Amino acid sequence: MTHVDILCSDPQHGVNAWLERWVARVAPEVDARIHRDMATLRGGDFLFLVSCHQIIGAAVRERFRHTLVLHASDLPRGRGMSPHVWQILEGQRQLTLTLLEAAQALDAGRIWHQVQFEVPGTAVCAEIHQHLFDAEIALMDWALAHCDHSSPSEQSGEPSYYRKRSPADSQLDPDQTLAEAFDLLRVSDPDRYPAFFEHRGRRYRLRLEPM
């Protein structure tokens with residue numbers, strides 16, 4: 001039996017529903033468990049780091065045959081935090097999801113596999129997540145089927161980096177038109193990092209939902 005640990009340090013993250021369904025689907029051939037803290041990791045065949053904000057050192061990685069990161073950019077371009085959000089705000093619709101091995105340096109490990117997925121220009125946050133999380137599950141399936149028979153490749157090219165987003169990055173300018181603010185509205189998580197604006201001394205939250 002294949003033993004898999006999944007480390008997702010945020011219990012409120014939307015990807016958890018996808019991870020839970022994946023764990024149920026691959027059983028009983030795969031013994032997979034979701035963890036919130038690296039202290040509970042068991043060791044085994046695979047460790048998937050999915051929306052994980054903990055630094056996984058060599059001592060932990062050595063307990064697994066494969067320690068793999070899912071990162072939504074065409075590495076080495078777009079290392080860092082929330083790459084899919086930054087890219088959508090840049091106007092990109094065709095995004096790349098990379099499966100790479102964890103390394104000491106951030107997002108610098110060798111690349112196992114990449115898939116492309118499209119985010120329509122009309123997609124709101126929940127729909128964006130669906131495209132992204134479906135791609136992540138597809139890469140996890142690929143890893144189980146191919147990592148023991150494939151070899152990763154070194155990253156090539158000049159790296160670029162995205163900074164970590166904060167709640168302040170979801171602030172709208174009330175003088176903008178809706179068209180100008182649309183991309184920021186649709187990438188802002190309405191539950192975790194809602195879009196907001198300040199006007200006449202008060203702060204207001206905005207939620208974008210398709211009719």
# chains A, B, ... in the order shown; residues from 1 in each chain; ligands from 1
$ residues_around --residues "A:Gly121" --least-positions-apart "6" --cutoff "12 Å" --atoms "only C-alpha atoms" --output "ChimeraX atom specification"
/A:88-94,127-128,179,182-184,186-187
$ write_last_selection --atoms "N, CA and C atoms" --output "compact mmCIF listing (two decimals), in the first residue's frame"
# COMPACT_ATOMS: atom_id res chain seq x y z
N ILE A 88 -3.53 36.65 -12.52
CA ILE A 88 -4.85 37.09 -13.00
C ILE A 88 -4.94 38.60 -12.96
N LEU A 89 -4.41 39.22 -11.91
CA LEU A 89 -4.41 40.68 -11.84
C LEU A 89 -3.54 41.30 -12.93
N GLU A 90 -2.57 40.54 -13.42
CA GLU A 90 -1.73 41.01 -14.54
C GLU A 90 -2.42 40.83 -15.89
N GLY A 91 -3.59 40.18 -15.87
CA GLY A 91 -4.34 39.98 -17.11
C GLY A 91 -4.18 38.62 -17.74
N GLN A 92 -3.49 37.70 -17.08
CA GLN A 92 -3.29 36.38 -17.66
C GLN A 92 -4.52 35.50 -17.46
N ARG A 93 -4.79 34.68 -18.45
CA ARG A 93 -5.89 33.72 -18.36
C ARG A 93 -5.39 32.27 -18.44
N GLN A 94 -4.31 32.04 -19.18
CA GLN A 94 -3.74 30.70 -19.30
C GLN A 94 -2.65 30.57 -18.24
N GLU A 127 -15.07 30.02 -8.74
CA GLU A 127 -14.85 29.36 -10.02
C GLU A 127 -13.35 29.29 -10.34
N ILE A 128 -12.63 30.33 -9.99
CA ILE A 128 -11.17 30.31 -10.15
C ILE A 128 -10.58 29.16 -9.34
N ALA A 179 -15.62 48.29 -13.92
CA ALA A 179 -14.80 47.59 -14.91
C ALA A 179 -13.33 47.61 -14.51
N PHE A 182 -12.83 45.21 -11.53
CA PHE A 182 -13.43 43.89 -11.68
C PHE A 182 -12.47 42.74 -11.35
N ASP A 183 -11.25 42.79 -11.86
CA ASP A 183 -10.33 41.68 -11.60
C ASP A 183 -9.99 41.55 -10.12
N LEU A 184 -9.80 42.66 -9.44
CA LEU A 184 -9.53 42.58 -8.00
C LEU A 184 -10.74 42.05 -7.25
N ARG A 186 -12.92 39.91 -8.37
CA ARG A 186 -13.16 38.48 -8.60
C ARG A 186 -12.07 37.58 -8.03
N VAL A 187 -10.88 38.11 -7.76
CA VAL A 187 -9.86 37.26 -7.14
C VAL A 187 -9.89 37.35 -5.62
$ atom_distance --atom1 "atom CA of A:Met81" --atom2 "atom CA of A:Leu144"
25.5 Å
$ select_by_dssp --residues "stretch 2-203 of chain A" --states "alpha helix (DSSP H)" --output "compact mmCIF listing (two decimals) with all heavy atoms, in the first residue's frame"
# COMPACT_ATOMS: atom_id res chain seq x y z
N VAL A 15 -9.24 24.53 -0.64
CA VAL A 15 -8.75 23.30 -1.25
C VAL A 15 -9.04 22.08 -0.39
O VAL A 15 -9.00 20.94 -0.88
CB VAL A 15 -7.23 23.41 -1.52
CG1 VAL A 15 -6.43 23.28 -0.22
CG2 VAL A 15 -6.77 22.37 -2.53
N ASN A 16 -9.36 22.27 0.88
CA ASN A 16 -9.56 21.13 1.77
C ASN A 16 -10.68 20.20 1.29
O ASN A 16 -10.57 18.98 1.42
CB ASN A 16 -9.84 21.60 3.20
CG ASN A 16 -8.58 22.03 3.91
OD1 ASN A 16 -7.74 21.22 4.26
ND2 ASN A 16 -8.44 23.34 4.14
N ALA A 17 -11.75 20.76 0.74
CA ALA A 17 -12.83 19.91 0.25
C ALA A 17 -12.34 19.00 -0.88
O ALA A 17 -12.73 17.83 -0.96
CB ALA A 17 -14.00 20.77 -0.22
N TRP A 18 -11.48 19.54 -1.76
CA TRP A 18 -10.91 18.72 -2.83
C TRP A 18 -9.99 17.63 -2.26
O TRP A 18 -10.02 16.49 -2.72
CB TRP A 18 -10.12 19.61 -3.79
CG TRP A 18 -10.91 20.20 -4.90
CD1 TRP A 18 -10.90 19.83 -6.22
CD2 TRP A 18 -11.84 21.30 -4.82
NE1 TRP A 18 -11.75 20.62 -6.95
CE2 TRP A 18 -12.34 21.53 -6.13
CE3 TRP A 18 -12.29 22.11 -3.79
CZ2 TRP A 18 -13.28 22.53 -6.41
CZ3 TRP A 18 -13.21 23.10 -4.06
CH2 TRP A 18 -13.69 23.30 -5.35
N LEU A 19 -9.18 18.00 -1.27
CA LEU A 19 -8.27 17.03 -0.67
C LEU A 19 -9.02 15.90 0.03
O LEU A 19 -8.65 14.73 -0.08
CB LEU A 19 -7.34 17.72 0.33
CG LEU A 19 -6.41 18.79 -0.25
CD1 LEU A 19 -5.61 19.46 0.86
CD2 LEU A 19 -5.47 18.20 -1.31
N GLU A 20 -10.09 16.25 0.71
CA GLU A 20 -10.88 15.23 1.40
C GLU A 20 -11.51 14.26 0.41
O GLU A 20 -11.55 13.04 0.65
CB GLU A 20 -11.94 15.90 2.28
CG GLU A 20 -11.36 16.63 3.48
CD GLU A 20 -12.34 17.58 4.14
OE1 GLU A 20 -13.52 17.63 3.67
OE2 GLU A 20 -11.95 18.28 5.10
N ARG A 21 -12.01 14.78 -0.71
CA ARG A 21 -12.59 13.90 -1.73
C ARG A 21 -11.52 13.02 -2.36
O ARG A 21 -11.76 11.84 -2.65
CB ARG A 21 -13.30 14.73 -2.80
CG ARG A 21 -14.61 15.36 -2.33
CD ARG A 21 -15.44 15.86 -3.51
NE ARG A 21 -14.81 16.97 -4.20
CZ ARG A 21 -15.04 18.25 -3.91
NH1 ARG A 21 -15.89 18.57 -2.92
NH2 ARG A 21 -14.46 19.20 -4.59
N TRP A 22 -10.31 13.58 -2.54
CA TRP A 22 -9.23 12.78 -3.12
C TRP A 22 -8.83 11.64 -2.18
O TRP A 22 -8.63 10.50 -2.62
CB TRP A 22 -8.03 13.68 -3.41
CG TRP A 22 -6.91 12.99 -4.13
CD1 TRP A 22 -6.80 12.78 -5.47
CD2 TRP A 22 -5.73 12.43 -3.55
NE1 TRP A 22 -5.63 12.11 -5.77
CE2 TRP A 22 -4.96 11.89 -4.61
CE3 TRP A 22 -5.25 12.33 -2.24
CZ2 TRP A 22 -3.74 11.27 -4.39
CZ3 TRP A 22 -4.03 11.70 -2.02
CH2 TRP A 22 -3.28 11.18 -3.08
N VAL A 23 -8.71 11.93 -0.90
CA VAL A 23 -8.35 10.90 0.08
C VAL A 23 -9.37 9.77 0.05
O VAL A 23 -9.02 8.58 0.09
CB VAL A 23 -8.25 11.52 1.50
CG1 VAL A 23 -8.20 10.43 2.56
CG2 VAL A 23 -7.02 12.42 1.60
N ALA A 24 -10.65 10.13 -0.02
CA ALA A 24 -11.70 9.10 -0.06
C ALA A 24 -11.64 8.30 -1.37
O ALA A 24 -11.87 7.07 -1.36
CB ALA A 24 -13.07 9.74 0.11
N ARG A 25 -11.31 8.96 -2.47
CA ARG A 25 -11.31 8.29 -3.77
C ARG A 25 -10.17 7.29 -3.91
O ARG A 25 -10.35 6.21 -4.48
CB ARG A 25 -11.25 9.33 -4.89
CG ARG A 25 -11.10 8.73 -6.28
CD ARG A 25 -11.35 9.74 -7.38
NE ARG A 25 -10.41 10.84 -7.38
CZ ARG A 25 -9.18 10.80 -7.90
NH1 ARG A 25 -8.73 9.67 -8.44
NH2 ARG A 25 -8.41 11.87 -7.88
N VAL A 26 -8.99 7.61 -3.40
CA VAL A 26 -7.83 6.74 -3.61
C VAL A 26 -7.78 5.58 -2.62
O VAL A 26 -7.01 4.63 -2.81
CB VAL A 26 -6.52 7.54 -3.56
CG1 VAL A 26 -6.48 8.58 -4.66
CG2 VAL A 26 -6.30 8.18 -2.19
N ALA A 58 15.09 19.52 5.75
CA ALA A 58 15.60 18.28 5.17
C ALA A 58 15.28 17.07 6.04
O ALA A 58 15.03 15.98 5.53
CB ALA A 58 17.11 18.40 4.96
N ALA A 59 15.28 17.24 7.36
CA ALA A 59 15.03 16.11 8.26
C ALA A 59 13.63 15.53 8.04
O ALA A 59 13.43 14.32 8.13
CB ALA A 59 15.20 16.54 9.72
N VAL A 60 12.67 16.39 7.75
CA VAL A 60 11.31 15.91 7.46
C VAL A 60 11.24 15.33 6.07
O VAL A 60 10.67 14.25 5.85
CB VAL A 60 10.28 17.06 7.62
CG1 VAL A 60 8.89 16.60 7.20
CG2 VAL A 60 10.26 17.54 9.07
N ARG A 61 11.83 16.00 5.10
CA ARG A 61 11.77 15.53 3.71
C ARG A 61 12.40 14.15 3.57
O ARG A 61 11.94 13.33 2.76
CB ARG A 61 12.47 16.53 2.78
CG ARG A 61 11.84 17.92 2.79
CD ARG A 61 12.28 18.73 1.57
NE ARG A 61 13.72 18.88 1.48
CZ ARG A 61 14.41 19.88 1.99
NH1 ARG A 61 13.79 20.83 2.71
NH2 ARG A 61 15.72 19.97 1.84
N PRO A 83 0.61 32.97 -6.46
CA PRO A 83 0.99 33.32 -7.84
C PRO A 83 -0.20 33.41 -8.79
O PRO A 83 -0.20 34.25 -9.70
CB PRO A 83 1.96 32.21 -8.25
CG PRO A 83 1.62 31.06 -7.34
CD PRO A 83 1.21 31.68 -6.05
N HIS A 84 -1.22 32.57 -8.61
CA HIS A 84 -2.34 32.62 -9.55
C HIS A 84 -3.10 33.95 -9.42
O HIS A 84 -3.58 34.50 -10.42
CB HIS A 84 -3.28 31.43 -9.35
CG HIS A 84 -4.13 31.49 -8.12
ND1 HIS A 84 -3.63 31.28 -6.85
CD2 HIS A 84 -5.45 31.76 -7.97
CE1 HIS A 84 -4.61 31.41 -5.97
NE2 HIS A 84 -5.73 31.70 -6.62
N VAL A 85 -3.20 34.48 -8.19
CA VAL A 85 -3.89 35.76 -8.00
C VAL A 85 -3.13 36.88 -8.69
O VAL A 85 -3.71 37.70 -9.43
CB VAL A 85 -4.06 36.06 -6.50
CG1 VAL A 85 -4.65 37.46 -6.29
CG2 VAL A 85 -4.96 35.01 -5.84
N TRP A 86 -1.83 36.93 -8.47
CA TRP A 86 -1.02 37.99 -9.09
C TRP A 86 -1.10 37.91 -10.61
O TRP A 86 -1.19 38.94 -11.29
CB TRP A 86 0.43 37.88 -8.63
CG TRP A 86 0.66 38.22 -7.19
CD1 TRP A 86 1.10 37.38 -6.20
CD2 TRP A 86 0.49 39.50 -6.56
NE1 TRP A 86 1.20 38.04 -5.01
CE2 TRP A 86 0.83 39.35 -5.19
CE3 TRP A 86 0.08 40.75 -7.01
CZ2 TRP A 86 0.78 40.40 -4.29
CZ3 TRP A 86 0.02 41.81 -6.12
CH2 TRP A 86 0.38 41.62 -4.76
N GLN A 87 -1.08 36.71 -11.14
CA GLN A 87 -1.10 36.56 -12.60
C GLN A 87 -2.45 36.98 -13.19
O GLN A 87 -2.50 37.61 -14.25
CB GLN A 87 -0.79 35.11 -12.98
CG GLN A 87 0.66 34.72 -12.73
CD GLN A 87 0.89 33.25 -12.93
OE1 GLN A 87 1.13 32.78 -14.04
NE2 GLN A 87 0.80 32.48 -11.85
N ILE A 88 -3.53 36.65 -12.52
CA ILE A 88 -4.85 37.09 -13.00
C ILE A 88 -4.94 38.60 -12.96
O ILE A 88 -5.47 39.23 -13.89
CB ILE A 88 -5.96 36.43 -12.17
CG1 ILE A 88 -6.01 34.92 -12.46
CG2 ILE A 88 -7.32 37.07 -12.47
CD1 ILE A 88 -6.94 34.15 -11.54
N LEU A 89 -4.41 39.22 -11.91
CA LEU A 89 -4.41 40.68 -11.84
C LEU A 89 -3.54 41.30 -12.93
O LEU A 89 -3.76 42.46 -13.32
CB LEU A 89 -3.93 41.14 -10.46
CG LEU A 89 -4.89 40.85 -9.30
CD1 LEU A 89 -4.23 41.20 -7.97
CD2 LEU A 89 -6.20 41.62 -9.47
N CYS A 125 -14.21 34.17 -7.71
CA CYS A 125 -13.26 33.48 -6.84
C CYS A 125 -13.52 31.98 -6.75
O CYS A 125 -12.62 31.18 -6.93
CB CYS A 125 -13.29 34.11 -5.45
SG CYS A 125 -12.09 33.40 -4.30
N ALA A 126 -14.76 31.58 -6.46
CA ALA A 126 -15.06 30.16 -6.31
C ALA A 126 -14.79 29.39 -7.59
O ALA A 126 -14.32 28.24 -7.57
CB ALA A 126 -16.50 29.98 -5.86
N GLU A 127 -15.07 30.02 -8.74
CA GLU A 127 -14.85 29.36 -10.02
C GLU A 127 -13.35 29.29 -10.34
O GLU A 127 -12.87 28.30 -10.90
CB GLU A 127 -15.60 30.11 -11.10
CG GLU A 127 -17.11 30.07 -10.92
CD GLU A 127 -17.86 31.09 -11.76
OE1 GLU A 127 -17.27 32.15 -12.09
OE2 GLU A 127 -19.02 30.82 -12.10
N ILE A 128 -12.63 30.33 -9.99
CA ILE A 128 -11.17 30.31 -10.15
C ILE A 128 -10.58 29.16 -9.34
O ILE A 128 -9.73 28.39 -9.81
CB ILE A 128 -10.55 31.65 -9.73
CG1 ILE A 128 -10.99 32.76 -10.68
CG2 ILE A 128 -9.02 31.56 -9.68
CD1 ILE A 128 -10.65 34.15 -10.19
N HIS A 129 -11.04 29.04 -8.10
CA HIS A 129 -10.55 27.96 -7.25
C HIS A 129 -10.85 26.59 -7.84
O HIS A 129 -10.04 25.67 -7.73
CB HIS A 129 -11.17 28.08 -5.85
CG HIS A 129 -10.57 29.17 -5.04
ND1 HIS A 129 -11.07 29.56 -3.82
CD2 HIS A 129 -9.48 29.97 -5.25
CE1 HIS A 129 -10.35 30.53 -3.32
NE2 HIS A 129 -9.37 30.80 -4.16
N GLN A 130 -12.03 26.44 -8.42
CA GLN A 130 -12.38 25.15 -9.00
C GLN A 130 -11.39 24.75 -10.09
O GLN A 130 -10.93 23.60 -10.14
CB GLN A 130 -13.79 25.17 -9.55
CG GLN A 130 -14.21 23.82 -10.15
CD GLN A 130 -15.68 23.77 -10.51
OE1 GLN A 130 -16.45 24.65 -10.15
NE2 GLN A 130 -16.07 22.73 -11.23
N HIS A 131 -11.05 25.68 -10.98
CA HIS A 131 -10.08 25.38 -12.03
C HIS A 131 -8.72 25.03 -11.43
O HIS A 131 -8.07 24.07 -11.85
CB HIS A 131 -9.94 26.59 -12.96
CG HIS A 131 -11.14 26.84 -13.83
ND1 HIS A 131 -11.46 26.04 -14.90
CD2 HIS A 131 -12.10 27.80 -13.77
CE1 HIS A 131 -12.56 26.49 -15.48
NE2 HIS A 131 -12.97 27.56 -14.82
N LEU A 132 -8.29 25.80 -10.43
CA LEU A 132 -6.98 25.57 -9.82
C LEU A 132 -6.95 24.26 -9.06
O LEU A 132 -6.02 23.45 -9.22
CB LEU A 132 -6.65 26.73 -8.88
CG LEU A 132 -5.40 26.58 -8.01
CD1 LEU A 132 -4.15 26.40 -8.86
CD2 LEU A 132 -5.25 27.78 -7.08
N PHE A 133 -7.95 24.02 -8.22
CA PHE A 133 -7.92 22.83 -7.38
C PHE A 133 -8.11 21.55 -8.20
O PHE A 133 -7.53 20.51 -7.86
CB PHE A 133 -8.99 22.93 -6.28
CG PHE A 133 -8.82 24.12 -5.37
CD1 PHE A 133 -9.90 24.60 -4.63
CD2 PHE A 133 -7.60 24.76 -5.23
CE1 PHE A 133 -9.76 25.70 -3.79
CE2 PHE A 133 -7.45 25.86 -4.40
CZ PHE A 133 -8.53 26.33 -3.68
N ASP A 134 -8.90 21.62 -9.27
CA ASP A 134 -9.00 20.45 -10.15
C ASP A 134 -7.64 20.11 -10.75
O ASP A 134 -7.27 18.94 -10.87
CB ASP A 134 -10.00 20.73 -11.28
CG ASP A 134 -11.45 20.66 -10.84
OD1 ASP A 134 -11.72 20.21 -9.71
OD2 ASP A 134 -12.33 21.06 -11.63
N ALA A 135 -6.88 21.14 -11.13
CA ALA A 135 -5.55 20.91 -11.68
C ALA A 135 -4.61 20.33 -10.62
O ALA A 135 -3.77 19.47 -10.92
CB ALA A 135 -4.99 22.21 -12.24
N GLU A 136 -4.74 20.79 -9.39
CA GLU A 136 -3.90 20.25 -8.32
C GLU A 136 -4.17 18.77 -8.09
O GLU A 136 -3.23 17.97 -7.93
CB GLU A 136 -4.12 21.05 -7.04
CG GLU A 136 -3.58 22.47 -7.13
CD GLU A 136 -3.70 23.25 -5.85
OE1 GLU A 136 -4.52 22.88 -4.98
OE2 GLU A 136 -2.95 24.24 -5.68
N ILE A 137 -5.43 18.39 -8.08
CA ILE A 137 -5.78 16.98 -7.91
C ILE A 137 -5.24 16.15 -9.07
O ILE A 137 -4.73 15.04 -8.87
CB ILE A 137 -7.30 16.83 -7.77
CG1 ILE A 137 -7.78 17.46 -6.46
CG2 ILE A 137 -7.70 15.36 -7.85
CD1 ILE A 137 -7.18 16.88 -5.21
N ALA A 138 -5.31 16.69 -10.29
CA ALA A 138 -4.78 15.97 -11.44
C ALA A 138 -3.27 15.73 -11.30
O ALA A 138 -2.77 14.66 -11.66
CB ALA A 138 -5.08 16.75 -12.73
N LEU A 139 -2.55 16.70 -10.76
CA LEU A 139 -1.11 16.53 -10.57
C LEU A 139 -0.80 15.53 -9.46
O LEU A 139 0.19 14.81 -9.52
CB LEU A 139 -0.44 17.87 -10.29
CG LEU A 139 -0.07 18.72 -11.50
CD1 LEU A 139 0.75 19.93 -11.08
CD2 LEU A 139 0.70 17.91 -12.54
N MET A 140 -1.62 15.48 -8.43
CA MET A 140 -1.42 14.48 -7.38
C MET A 140 -1.63 13.08 -7.95
O MET A 140 -0.87 12.15 -7.64
CB MET A 140 -2.37 14.76 -6.21
CG MET A 140 -2.01 16.02 -5.44
SD MET A 140 -3.25 16.57 -4.24
CE MET A 140 -3.22 15.23 -3.06
N ASP A 141 -2.64 12.92 -8.80
CA ASP A 141 -2.85 11.63 -9.46
C ASP A 141 -1.64 11.28 -10.33
O ASP A 141 -1.18 10.13 -10.35
CB ASP A 141 -4.11 11.68 -10.33
CG ASP A 141 -5.40 11.63 -9.52
OD1 ASP A 141 -5.37 11.10 -8.39
OD2 ASP A 141 -6.43 12.10 -10.03
N TRP A 142 -1.12 12.28 -11.06
CA TRP A 142 0.03 12.04 -11.91
C TRP A 142 1.22 11.58 -11.08
O TRP A 142 1.95 10.66 -11.47
CB TRP A 142 0.39 13.32 -12.67
CG TRP A 142 1.49 13.13 -13.67
CD1 TRP A 142 1.35 12.85 -15.00
CD2 TRP A 142 2.90 13.16 -13.41
NE1 TRP A 142 2.60 12.72 -15.59
CE2 TRP A 142 3.56 12.90 -14.63
CE3 TRP A 142 3.67 13.38 -12.27
CZ2 TRP A 142 4.95 12.86 -14.74
CZ3 TRP A 142 5.05 13.33 -12.37
CH2 TRP A 142 5.68 13.07 -13.60
N ALA A 143 1.43 12.21 -9.94
CA ALA A 143 2.58 11.88 -9.10
C ALA A 143 2.54 10.41 -8.67
O ALA A 143 3.55 9.71 -8.75
CB ALA A 143 2.61 12.80 -7.88
N LEU A 144 1.39 9.97 -8.21
CA LEU A 144 1.29 8.58 -7.76
C LEU A 144 1.53 7.60 -8.91
O LEU A 144 2.10 6.53 -8.71
CB LEU A 144 -0.08 8.32 -7.13
CG LEU A 144 -0.14 8.46 -5.59
CD1 LEU A 144 0.25 9.86 -5.14
CD2 LEU A 144 -1.54 8.10 -5.08
N ALA A 145 1.12 7.98 -10.11
CA ALA A 145 1.25 7.07 -11.24
C ALA A 145 2.63 7.11 -11.89
O ALA A 145 3.05 6.12 -12.51
CB ALA A 145 0.18 7.41 -12.29
N HIS A 146 3.37 8.25 -11.78
CA HIS A 146 4.55 8.43 -12.61
C HIS A 146 5.85 8.71 -11.87
O HIS A 146 6.93 8.51 -12.45
CB HIS A 146 4.31 9.58 -13.59
CG HIS A 146 3.22 9.30 -14.58
ND1 HIS A 146 3.39 8.51 -15.69
CD2 HIS A 146 1.93 9.73 -14.61
CE1 HIS A 146 2.27 8.45 -16.38
NE2 HIS A 146 1.36 9.17 -15.75
N LEU A 178 -16.43 50.07 -11.96
CA LEU A 178 -16.55 48.64 -11.71
C LEU A 178 -15.69 47.84 -12.69
O LEU A 178 -15.09 46.83 -12.31
CB LEU A 178 -18.01 48.20 -11.82
CG LEU A 178 -18.90 48.46 -10.61
CD1 LEU A 178 -20.34 48.11 -10.92
CD2 LEU A 178 -18.40 47.66 -9.41
N ALA A 179 -15.62 48.29 -13.92
CA ALA A 179 -14.80 47.59 -14.91
C ALA A 179 -13.33 47.61 -14.51
O ALA A 179 -12.61 46.61 -14.66
CB ALA A 179 -14.99 48.22 -16.29
N GLU A 180 -12.87 48.73 -13.98
CA GLU A 180 -11.47 48.84 -13.56
C GLU A 180 -11.19 47.98 -12.34
O GLU A 180 -10.08 47.46 -12.18
CB GLU A 180 -11.14 50.30 -13.27
CG GLU A 180 -11.10 51.20 -14.50
CD GLU A 180 -11.01 52.67 -14.15
OE1 GLU A 180 -11.45 53.06 -13.04
OE2 GLU A 180 -10.51 53.45 -14.98
N ALA A 181 -12.17 47.83 -11.45
CA ALA A 181 -11.98 47.07 -10.22
C ALA A 181 -12.34 45.60 -10.36
O ALA A 181 -12.16 44.83 -9.41
CB ALA A 181 -12.84 47.69 -9.10
N PHE A 182 -12.83 45.21 -11.53
CA PHE A 182 -13.43 43.89 -11.68
C PHE A 182 -12.47 42.74 -11.35
O PHE A 182 -12.83 41.81 -10.63
CB PHE A 182 -13.98 43.73 -13.11
CG PHE A 182 -14.68 42.43 -13.34
CD1 PHE A 182 -15.89 42.15 -12.73
CD2 PHE A 182 -14.13 41.46 -14.17
CE1 PHE A 182 -16.55 40.95 -12.94
CE2 PHE A 182 -14.78 40.26 -14.39
CZ PHE A 182 -16.00 40.00 -13.78
N ASP A 183 -11.25 42.79 -11.86
CA ASP A 183 -10.33 41.68 -11.60
C ASP A 183 -9.99 41.55 -10.12
O ASP A 183 -9.89 40.43 -9.60
CB ASP A 183 -9.06 41.83 -12.44
CG ASP A 183 -9.26 41.41 -13.89
OD1 ASP A 183 -10.19 40.62 -14.15
OD2 ASP A 183 -8.51 41.89 -14.76
N LEU A 184 -9.80 42.66 -9.44
CA LEU A 184 -9.53 42.58 -8.00
C LEU A 184 -10.74 42.05 -7.25
O LEU A 184 -10.61 41.27 -6.31
CB LEU A 184 -9.12 43.94 -7.46
CG LEU A 184 -8.77 43.99 -5.96
CD1 LEU A 184 -7.69 42.98 -5.62
CD2 LEU A 184 -8.34 45.39 -5.54
N LEU A 185 -11.94 42.45 -7.69
CA LEU A 185 -13.15 41.93 -7.06
C LEU A 185 -13.24 40.41 -7.20
O LEU A 185 -13.59 39.71 -6.25
CB LEU A 185 -14.38 42.58 -7.70
CG LEU A 185 -14.93 43.85 -7.06
CD1 LEU A 185 -15.98 44.47 -7.98
CD2 LEU A 185 -15.52 43.56 -5.69
N ARG A 186 -12.92 39.91 -8.37
CA ARG A 186 -13.16 38.48 -8.60
C ARG A 186 -12.07 37.58 -8.03
O ARG A 186 -12.32 36.39 -7.80
CB ARG A 186 -13.36 38.21 -10.09
CG ARG A 186 -12.15 38.36 -10.98
CD ARG A 186 -12.57 38.37 -12.46
NE ARG A 186 -11.44 38.34 -13.36
CZ ARG A 186 -10.96 37.23 -13.92
NH1 ARG A 186 -11.52 36.06 -13.68
NH2 ARG A 186 -9.92 37.29 -14.74
N VAL A 187 -10.88 38.11 -7.76
CA VAL A 187 -9.86 37.26 -7.14
C VAL A 187 -9.89 37.35 -5.62
O VAL A 187 -9.25 36.53 -4.93
CB VAL A 187 -8.43 37.61 -7.62
CG1 VAL A 187 -8.31 37.42 -9.12
CG2 VAL A 187 -8.03 39.02 -7.22
$ select_by_dssp --residues "stretch 102-200 of chain A" --states "strand (DSSP E)" --output "count of residues only"
15
$ atom_distance --atom1 "atom CA of A:Ser9" --atom2 "atom CA of A:Cys52"
5.0 Å
$ atom_distance --atom1 "atom CA of A:Leu206" --atom2 "atom CA of A:His13"
19.9 Å
$ residues_around --residues "A:Phe48" --least-positions-apart "4" --cutoff "6 Å" --atoms "only C-alpha atoms" --output "list in words"
Ile6, Leu68 and Val69 of chain A
$ residues_around --residues "A:Leu49" --least-positions-apart "2" --cutoff "12 Å" --atoms "only C-alpha atoms" --output "number ranges by chain"
A: 4-10, 15, 19, 34-38, 41, 46-47, 51-56, 61, 66-71, 99-103, 107, 136, 140
$ residues_around --residues "A:Tyr193" --least-positions-apart "4" --cutoff "8 Å" --atoms "only C-alpha atoms" --output "PyMOL selection string"
chain A and resi 167+170+188-189
$ closest_residue --among "A:Val119, A:Leu75, A:Met211, A:Ala108" --to "A:Leu95" --atoms "only C-alpha atoms"
A:Val119
$ closest_residue --among "A:Gln176, A:Ser150, A:Gln116, A:Gln155" --to "A:Phe197" --atoms "only C-alpha atoms"
A:Gln176
$ closest_residue --among "A:Pro194, A:Ala39, A:Ser156, A:Glu29" --to "A:Arg77" --atoms "only C-alpha atoms"
A:Ser156
$ decode --residues "stretch 143-152 of chain A" --atoms "N, CA and C atoms" --output "PDB file, in the first residue's frame"
ATOM      1  N   ALA A 143       1.426  12.214  -9.941  1.00  0.00           N
ATOM      2  CA  ALA A 143       2.578  11.875  -9.098  1.00  0.00           C
ATOM      3  C   ALA A 143       2.540  10.414  -8.666  1.00  0.00           C
ATOM      4  N   LEU A 144       1.392   9.966  -8.208  1.00  0.00           N
ATOM      5  CA  LEU A 144       1.289   8.580  -7.760  1.00  0.00           C
ATOM      6  C   LEU A 144       1.534   7.605  -8.906  1.00  0.00           C
ATOM      7  N   ALA A 145       1.121   7.981 -10.106  1.00  0.00           N
ATOM      8  CA  ALA A 145       1.251   7.073 -11.241  1.00  0.00           C
ATOM      9  C   ALA A 145       2.629   7.113 -11.892  1.00  0.00           C
ATOM     10  N   HIS A 146       3.366   8.247 -11.777  1.00  0.00           N
ATOM     11  CA  HIS A 146       4.551   8.426 -12.609  1.00  0.00           C
ATOM     12  C   HIS A 146       5.849   8.708 -11.869  1.00  0.00           C
ATOM     13  N   CYS A 147       5.811   9.195 -10.642  1.00  0.00           N
ATOM     14  CA  CYS A 147       7.055   9.651 -10.008  1.00  0.00           C
ATOM     15  C   CYS A 147       8.083   8.537  -9.835  1.00  0.00           C
ATOM     16  N   ASP A 148       7.635   7.318  -9.629  1.00  0.00           N
ATOM     17  CA  ASP A 148       8.585   6.223  -9.434  1.00  0.00           C
ATOM     18  C   ASP A 148       9.196   5.750 -10.747  1.00  0.00           C
ATOM     19  N   HIS A 149       8.691   6.279 -11.882  1.00  0.00           N
ATOM     20  CA  HIS A 149       9.185   5.836 -13.184  1.00  0.00           C
ATOM     21  C   HIS A 149       9.647   7.018 -14.031  1.00  0.00           C
ATOM     22  N   SER A 150       9.752   8.215 -13.447  1.00  0.00           N
ATOM     23  CA  SER A 150      10.145   9.408 -14.176  1.00  0.00           C
ATOM     24  C   SER A 150      11.273  10.106 -13.435  1.00  0.00           C
ATOM     25  N   SER A 151      11.816  11.122 -14.064  1.00  0.00           N
ATOM     26  CA  SER A 151      12.878  11.911 -13.447  1.00  0.00           C
ATOM     27  C   SER A 151      12.531  13.389 -13.554  1.00  0.00           C
ATOM     28  N   PRO A 152      12.794  14.154 -12.500  1.00  0.00           N
ATOM     29  CA  PRO A 152      12.530  15.593 -12.559  1.00  0.00           C
ATOM     30  C   PRO A 152      13.625  16.332 -13.302  1.00  0.00           C
TER      31      PRO A 152
END
